[in-house]
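Scroll down for the structure; my scribbles are underneath it.
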Amino acid sequence: MEPNFLIGANPMPLYKAFPGEFKPDAGINVTGSTIRGIEGSYTIDPFPVAQTKRNHYDSRHGAKIKYLIMHYTVINFALTVQTFTANADTRRVSAHFVVAQNEAHVAAGKLLQVVPEDMRAWHAGLSAWQADEDLNPVSLAVEHVNQGFRETTGAQRQYYPYDQNQIRSSGVLSNSIVRQYNILPRHVLGHEDIAPGRKYDPGPYFPWAVFYHNYSVGAWLDQEEMDKDAIIRKYRPQRPYPLQPDRDVLLDMLTSYGYSLRGTTPSGVIRAFKTHFSANQRPDMCDDNVREEDMFWAWALEAKYSNITPSKTTPSPPSHIPNFAQKAPHKMWFLILAIQAIIRISNL
Ligand SMILES: [Zn+2]
């Protein structure tokens, strides 16, 4: 028996957890568990002292988690795990969670935790949002196994779609994270949002609308909010509705919303915004041209989400996920009524 087997509640070598995917000598042990409601998940056990450079994380130095950042891997599941557990002198790169896509020996939606939540993963690199620079200490990261894109002859990038089961796992995971850490809707972001022009993940096919509608994760507009007058009625925006496409006005709205121009170009910021919002699911529209719909989205999002404190925006969970936190207030009231009844009885 190898000594590492003693770590964790139910540890096993990685190759036994994912048969056919890894070699027996990978030297990685995992513990099977249910992570944030997702059964059949695994956590990589910390490496022993002699191999401490295979732990791709370090301290948050007291920083609080306030962002959730979405990525795609470009490489497959096995290679992702190998990269995140190789000697860190070669490359420091990791994420807290890896959500698998459908591969020969791995089922889509399978969840592997690589970095403990209280530790800093190395995923964001040069990054900025609002006044924050370097988002690693203040964020959690989810990597989605996805090949990204390939260049085609017409210079048009061909992006790979996401698997439904993969999105379901990621949605359930993210919903739980966002509620626990009270992460603001506009602090759930793609890597490209915080590093525009430098990074392109999670790409135009990442279904942000599904995360919003099905899992109460991130910022988006409801169907009835796709209307100028509805936005004015509901949010009373300070900024007048922009009458025509204007690059400077768009950039002003985007930087007010959170995008940062530090270390990047206006084009990069506009493309990142369109990929996430106004041209999401339409890769051919994810360019830096400014259209009316881009102006509308930027204006509406700024009106809906700017200057909102965390307590007002705690997302309510979707109905199919049990929410014990939400039931707690009812229990509290019951307790108060019971105590009042006892006081009344004892006063008789
Ligand atoms: Zn990334």
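By convention here, the chains of the structure tokens are called A, B, ... in the order presented, each chain's residues are numbered starting at 1, and ligands are numbered starting at 1 in the order presented.
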
For region 18-30 of chain A, list every protein, DNA or RNA residue within 9 Å, evaluated using only C-alpha atoms, and leave out those in the same chain fewer than 6 positions away; present the list as a list of chain:residue names.
-> A:Asn4, A:Phe5, A:Ile7, A:Gly8, A:Asn10, A:Pro11, A:Met12, A:Tyr42, A:Thr43, A:Ile44, A:Asp45, A:Pro46, A:Phe47, A:Phe77, A:Ala78, A:Gln82, A:Thr85, A:Ala104, A:His105, A:Val106, A:Leu112

Okay, now the selection with N, CA and C atoms, as a JSON list (two decimals), in the first residue's frame?
[["chain", "number", "residue", "atom", "x", "y", "z"],
["A", 4, "ASN", "N", 0.40, 7.48, 0.32],
["A", 4, "ASN", "CA", -0.56, 8.54, -0.06],
["A", 4, "ASN", "C", -2.01, 8.09, 0.07],
["A", 5, "PHE", "N", -2.22, 6.77, 0.04],
["A", 5, "PHE", "CA", -3.58, 6.24, 0.08],
["A", 5, "PHE", "C", -4.28, 6.60, 1.38],
["A", 7, "ILE", "N", -4.37, 9.52, 2.79],
["A", 7, "ILE", "CA", -4.94, 10.87, 2.78],
["A", 7, "ILE", "C", -6.39, 10.82, 2.31],
["A", 8, "GLY", "N", -7.25, 11.59, 2.97],
["A", 8, "GLY", "CA", -8.64, 11.68, 2.54],
["A", 8, "GLY", "C", -9.47, 10.52, 3.03],
["A", 10, "ASN", "N", -11.71, 8.54, 1.21],
["A", 10, "ASN", "CA", -11.87, 7.39, 0.34],
["A", 10, "ASN", "C", -10.94, 7.51, -0.85],
["A", 11, "PRO", "N", -9.62, 7.58, -0.57],
["A", 11, "PRO", "CA", -8.68, 7.91, -1.65],
["A", 11, "PRO", "C", -8.41, 6.72, -2.56],
["A", 12, "MET", "N", -8.06, 7.04, -3.78],
["A", 12, "MET", "CA", -7.68, 6.02, -4.75],
["A", 12, "MET", "C", -6.79, 6.68, -5.79],
["A", 42, "TYR", "N", -14.68, 14.08, -7.89],
["A", 42, "TYR", "CA", -13.40, 13.73, -7.25],
["A", 42, "TYR", "C", -12.62, 14.99, -6.90],
["A", 43, "THR", "N", -11.83, 14.87, -5.82],
["A", 43, "THR", "CA", -10.90, 15.94, -5.45],
["A", 43, "THR", "C", -9.49, 15.38, -5.48],
["A", 44, "ILE", "N", -8.57, 16.10, -6.10],
["A", 44, "ILE", "CA", -7.17, 15.65, -6.10],
["A", 44, "ILE", "C", -6.59, 15.86, -4.71],
["A", 45, "ASP", "N", -6.02, 14.82, -4.13],
["A", 45, "ASP", "CA", -5.41, 14.93, -2.81],
["A", 45, "ASP", "C", -4.14, 15.78, -2.89],
["A", 46, "PRO", "N", -3.83, 16.53, -1.83],
["A", 46, "PRO", "CA", -2.58, 17.31, -1.84],
["A", 46, "PRO", "C", -1.39, 16.37, -2.02],
["A", 47, "PHE", "N", -0.40, 16.85, -2.76],
["A", 47, "PHE", "CA", 0.80, 16.03, -2.96],
["A", 47, "PHE", "C", 1.67, 16.07, -1.71],
["A", 77, "PHE", "N", -9.22, 16.42, -21.29],
["A", 77, "PHE", "CA", -9.30, 16.24, -19.84],
["A", 77, "PHE", "C", -7.98, 15.74, -19.24],
["A", 78, "ALA", "N", -7.44, 14.66, -19.82],
["A", 78, "ALA", "CA", -6.22, 14.06, -19.27],
["A", 78, "ALA", "C", -5.06, 15.06, -19.29],
["A", 82, "GLN", "N", -2.93, 16.68, -16.17],
["A", 82, "GLN", "CA", -1.45, 16.57, -16.15],
["A", 82, "GLN", "C", -0.80, 17.94, -16.04],
["A", 85, "THR", "N", -0.98, 19.50, -12.63],
["A", 85, "THR", "CA", -0.30, 18.78, -11.55],
["A", 85, "THR", "C", 1.17, 18.50, -11.88],
["A", 104, "ALA", "N", -13.70, 9.77, -24.75],
["A", 104, "ALA", "CA", -13.75, 8.30, -24.81],
["A", 104, "ALA", "C", -13.94, 7.65, -23.44],
["A", 105, "HIS", "N", -13.19, 8.13, -22.43],
["A", 105, "HIS", "CA", -13.24, 7.47, -21.13],
["A", 105, "HIS", "C", -13.79, 8.36, -20.02],
["A", 106, "VAL", "N", -14.28, 9.52, -20.37],
["A", 106, "VAL", "CA", -14.82, 10.45, -19.36],
["A", 106, "VAL", "C", -16.20, 10.91, -19.79],
["A", 112, "LEU", "N", -14.03, 17.48, -11.34],
["A", 112, "LEU", "CA", -12.78, 17.22, -10.60],
["A", 112, "LEU", "C", -12.33, 18.52, -9.96]]

Give me the residues of chain A that have any atom at most 6 Å from an atom of ligand 1; for each, the nearest atom pair and the distance in Å, rounded to one decimal. Use only C-alpha atoms and all ligand atoms, sort by chain and number, and format it as JSON lines.
{"residue": "A:His71", "atom": "CA", "partner": "ligand 1", "partner_atom_place_in_ligand_line": "1 (Zn)", "distance": 4.2}
{"residue": "A:Tyr72", "atom": "CA", "partner": "ligand 1", "partner_atom_place_in_ligand_line": "1 (Zn)", "distance": 5.8}
{"residue": "A:His191", "atom": "CA", "partner": "ligand 1", "partner_atom_place_in_ligand_line": "1 (Zn)", "distance": 5.0}
{"residue": "A:Asp201", "atom": "CA", "partner": "ligand 1", "partner_atom_place_in_ligand_line": "1 (Zn)", "distance": 5.4}

Go ahead and write the selection's residues with C-alpha atoms as a PDB file, in the first residue's frame.
ATOM      1  CA  HIS A  71     -12.524  29.286 -18.776  1.00  0.00           C
ATOM      2  CA  TYR A  72     -12.087  26.718 -21.486  1.00  0.00           C
ATOM      3  CA  HIS A 191     -11.468  35.008 -18.853  1.00  0.00           C
ATOM      4  CA  ASP A 201     -12.185  31.862 -23.394  1.00  0.00           C
TER       5      ASP A 201
END

Using only C-alpha atoms, which residues sit within 9 Å of Trp297 (chain A) once same-chain residues fewer than 5 positions away are excluded, as number ranges by chain?
-> A: 221, 226, 277-278, 292, 302

Expected file: the selected residues, C-alpha atoms, as a CSV table (one decimal), in the first residue's frame:
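Okay, this is what ended up in result08.csv:
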chain,number,residue,atom,x,y,z
A,221,LEU,CA,-31.4,40.6,-19.4
A,226,MET,CA,-35.2,43.6,-24.0
A,277,PHE,CA,-23.5,39.6,-24.2
A,278,SER,CA,-24.9,41.2,-27.3
A,292,GLU,CA,-27.4,49.5,-32.1
A,302,GLU,CA,-25.3,49.4,-16.7

Skip Tyr305 (chain A) itself and residues of its chain fewer than 4 positions away, then list as a ChimeraX atom specification all residues within 12 Å of it, counting only C-alpha atoms.
-> /A:184-187,218-221,231,234-237,253-254,256-258,297-301,309-310,312-313

Dump of N, CA and C atoms for the selected residues, as a compact mmCIF listing (two decimals), in the first residue's frame:
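The result, stored in part_26.txt:
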# COMPACT_ATOMS: atom_id res chain seq x y z
N LEU A 184 -21.56 38.93 -6.85
CA LEU A 184 -22.43 39.79 -7.66
C LEU A 184 -22.62 39.22 -9.07
N PRO A 185 -23.80 39.40 -9.66
CA PRO A 185 -24.01 38.92 -11.03
C PRO A 185 -22.92 39.42 -12.00
N ARG A 186 -22.54 40.69 -11.89
CA ARG A 186 -21.55 41.19 -12.86
C ARG A 186 -20.11 40.85 -12.44
N HIS A 187 -19.96 40.03 -11.41
CA HIS A 187 -18.65 39.50 -11.06
C HIS A 187 -18.50 38.03 -11.47
N GLY A 218 -24.75 34.92 -12.80
CA GLY A 218 -24.25 35.94 -13.71
C GLY A 218 -25.30 36.96 -14.12
N ALA A 219 -24.87 37.91 -14.94
CA ALA A 219 -25.73 39.00 -15.40
C ALA A 219 -26.32 38.67 -16.76
N TRP A 220 -27.57 39.09 -16.96
CA TRP A 220 -28.22 38.91 -18.27
C TRP A 220 -29.47 39.76 -18.27
N LEU A 221 -30.16 39.83 -19.38
CA LEU A 221 -31.43 40.56 -19.44
C LEU A 221 -32.58 39.57 -19.61
N ILE A 231 -36.74 49.14 -19.52
CA ILE A 231 -35.53 49.43 -18.72
C ILE A 231 -35.70 50.76 -17.98
N LYS A 234 -38.21 50.33 -15.12
CA LYS A 234 -37.77 49.42 -14.06
C LYS A 234 -36.55 49.95 -13.30
N TYR A 235 -35.59 50.52 -14.02
CA TYR A 235 -34.31 50.85 -13.37
C TYR A 235 -34.00 52.34 -13.31
N ARG A 236 -34.81 53.18 -13.96
CA ARG A 236 -34.61 54.62 -13.96
C ARG A 236 -33.13 54.99 -14.17
N PRO A 237 -32.56 54.62 -15.33
CA PRO A 237 -31.13 54.85 -15.55
C PRO A 237 -30.76 56.34 -15.57
N MET A 253 -19.77 53.29 -21.30
CA MET A 253 -20.71 52.43 -20.59
C MET A 253 -20.03 51.14 -20.13
N LEU A 254 -19.17 50.59 -20.97
CA LEU A 254 -18.51 49.33 -20.63
C LEU A 254 -17.54 49.50 -19.46
N SER A 256 -17.81 51.78 -17.20
CA SER A 256 -18.65 52.02 -16.03
C SER A 256 -19.21 50.69 -15.49
N TYR A 257 -19.47 49.76 -16.40
CA TYR A 257 -19.99 48.45 -16.00
C TYR A 257 -18.92 47.59 -15.32
N GLY A 258 -17.64 47.77 -15.72
CA GLY A 258 -16.57 46.99 -15.08
C GLY A 258 -15.37 46.70 -15.95
N TRP A 297 -27.55 46.77 -25.15
CA TRP A 297 -27.13 45.84 -24.10
C TRP A 297 -26.26 46.53 -23.04
N ALA A 298 -25.31 47.33 -23.50
CA ALA A 298 -24.40 48.00 -22.56
C ALA A 298 -25.18 48.96 -21.67
N TRP A 299 -26.10 49.71 -22.28
CA TRP A 299 -26.91 50.68 -21.55
C TRP A 299 -27.82 49.98 -20.54
N ALA A 300 -28.47 48.90 -20.99
CA ALA A 300 -29.40 48.17 -20.12
C ALA A 300 -28.68 47.48 -18.96
N LEU A 301 -27.54 46.88 -19.25
CA LEU A 301 -26.78 46.19 -18.19
C LEU A 301 -26.27 47.18 -17.14
N THR A 309 -25.70 46.73 -4.31
CA THR A 309 -24.92 46.12 -3.25
C THR A 309 -25.19 44.61 -3.22
N PRO A 310 -24.23 43.82 -2.73
CA PRO A 310 -24.40 42.36 -2.75
C PRO A 310 -25.70 41.88 -2.11
N LYS A 312 -28.61 43.07 -2.02
CA LYS A 312 -29.82 43.24 -2.81
C LYS A 312 -29.88 42.28 -3.98
N THR A 313 -28.75 41.71 -4.34
CA THR A 313 -28.71 40.93 -5.57
C THR A 313 -28.47 39.45 -5.35

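In terms of minimum interatomic distance to Glu192 (chain A), A:Ser260 ranks closest within A:Ser176, A:Asn102, A:Thr153, A:Ser260, counting only C-alpha atoms.
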
Which of region 16-241 of chain A fall in alpha helix (DSSP H), as a PyMOL selection string = chain A and resi 16-17+77-84+164-181+191-194+208-215+228-235

All residues 10 Å or closer to region 262-269 of chain A, only C-alpha atoms, same chain fewer than 6 positions away omitted, as a PDB file with C-alpha atoms, in the first residue's frame:
ATOM      1  CA  LEU A 126      -2.757  39.792 -16.189  1.00  0.00           C
ATOM      2  CA  SER A 127      -6.351  40.714 -15.448  1.00  0.00           C
ATOM      3  CA  ALA A 128      -8.557  43.588 -14.332  1.00  0.00           C
ATOM      4  CA  TRP A 129     -12.197  44.390 -13.546  1.00  0.00           C
ATOM      5  CA  GLU A 133      -6.151  44.145 -10.822  1.00  0.00           C
ATOM      6  CA  GLU A 192     -11.779  37.262 -21.921  1.00  0.00           C
ATOM      7  CA  ASP A 193     -13.824  39.803 -19.902  1.00  0.00           C
ATOM      8  CA  ILE A 194     -10.951  40.303 -17.455  1.00  0.00           C
ATOM      9  CA  ALA A 195      -8.123  39.951 -20.007  1.00  0.00           C
ATOM     10  CA  PRO A 196      -9.567  41.324 -23.281  1.00  0.00           C
ATOM     11  CA  GLY A 197      -7.419  40.971 -26.378  1.00  0.00           C
ATOM     12  CA  ARG A 198      -5.164  38.488 -24.582  1.00  0.00           C
ATOM     13  CA  LYS A 199      -7.613  35.661 -23.884  1.00  0.00           C
ATOM     14  CA  TYR A 200     -10.611  34.324 -25.825  1.00  0.00           C
ATOM     15  CA  ARG A 247     -17.752  53.867 -29.989  1.00  0.00           C
ATOM     16  CA  ASP A 248     -16.805  56.352 -27.262  1.00  0.00           C
ATOM     17  CA  LEU A 250     -20.092  52.376 -25.706  1.00  0.00           C
ATOM     18  CA  LEU A 251     -16.628  52.305 -24.130  1.00  0.00           C
ATOM     19  CA  LEU A 254     -18.507  49.334 -20.627  1.00  0.00           C
ATOM     20  CA  THR A 255     -15.886  50.822 -18.313  1.00  0.00           C
ATOM     21  CA  THR A 275     -18.821  37.714 -27.065  1.00  0.00           C
ATOM     22  CA  ASP A 287     -16.170  41.597 -33.872  1.00  0.00           C
ATOM     23  CA  ASP A 288     -15.382  45.166 -32.755  1.00  0.00           C
ATOM     24  CA  ASN A 289     -18.059  46.859 -34.864  1.00  0.00           C
ATOM     25  CA  VAL A 290     -20.488  48.927 -32.803  1.00  0.00           C
TER      26      VAL A 290
END

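Considering only C-alpha atoms, the residue among A:Asp132, A:Glu117, A:Glu151, A:Asp227 positioned nearest to Gln180 (chain A) is A:Glu117.
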
Mind checking which residues fall within 9 Å of Gln164 (chain A), counting only C-alpha atoms, ignoring those fewer than 3 positions away in the same chain, and posting them as a ChimeraX atom specification?
-> /A:108-109,167-169

Which residues in region 7-233 of chain A does DSSP call strand (DSSP E or B)? List them as a count of residues only.
-> 56

Shortest contact to Ser139 (chain A), candidates A:Leu68, A:Gly203, A:Thr80, A:Asp89, atoms counted only C-alpha atoms, goes to A:Leu68

Of the candidates A:Arg36, A:His276, A:His213, A:Arg291, which one gets nearest to Gln244 (chain A) if we count only C-alpha atoms?
->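 Nearest candidate to Gln244 (chain A) out of A:Arg36, A:His276, A:His213, A:Arg291: A:Arg291.
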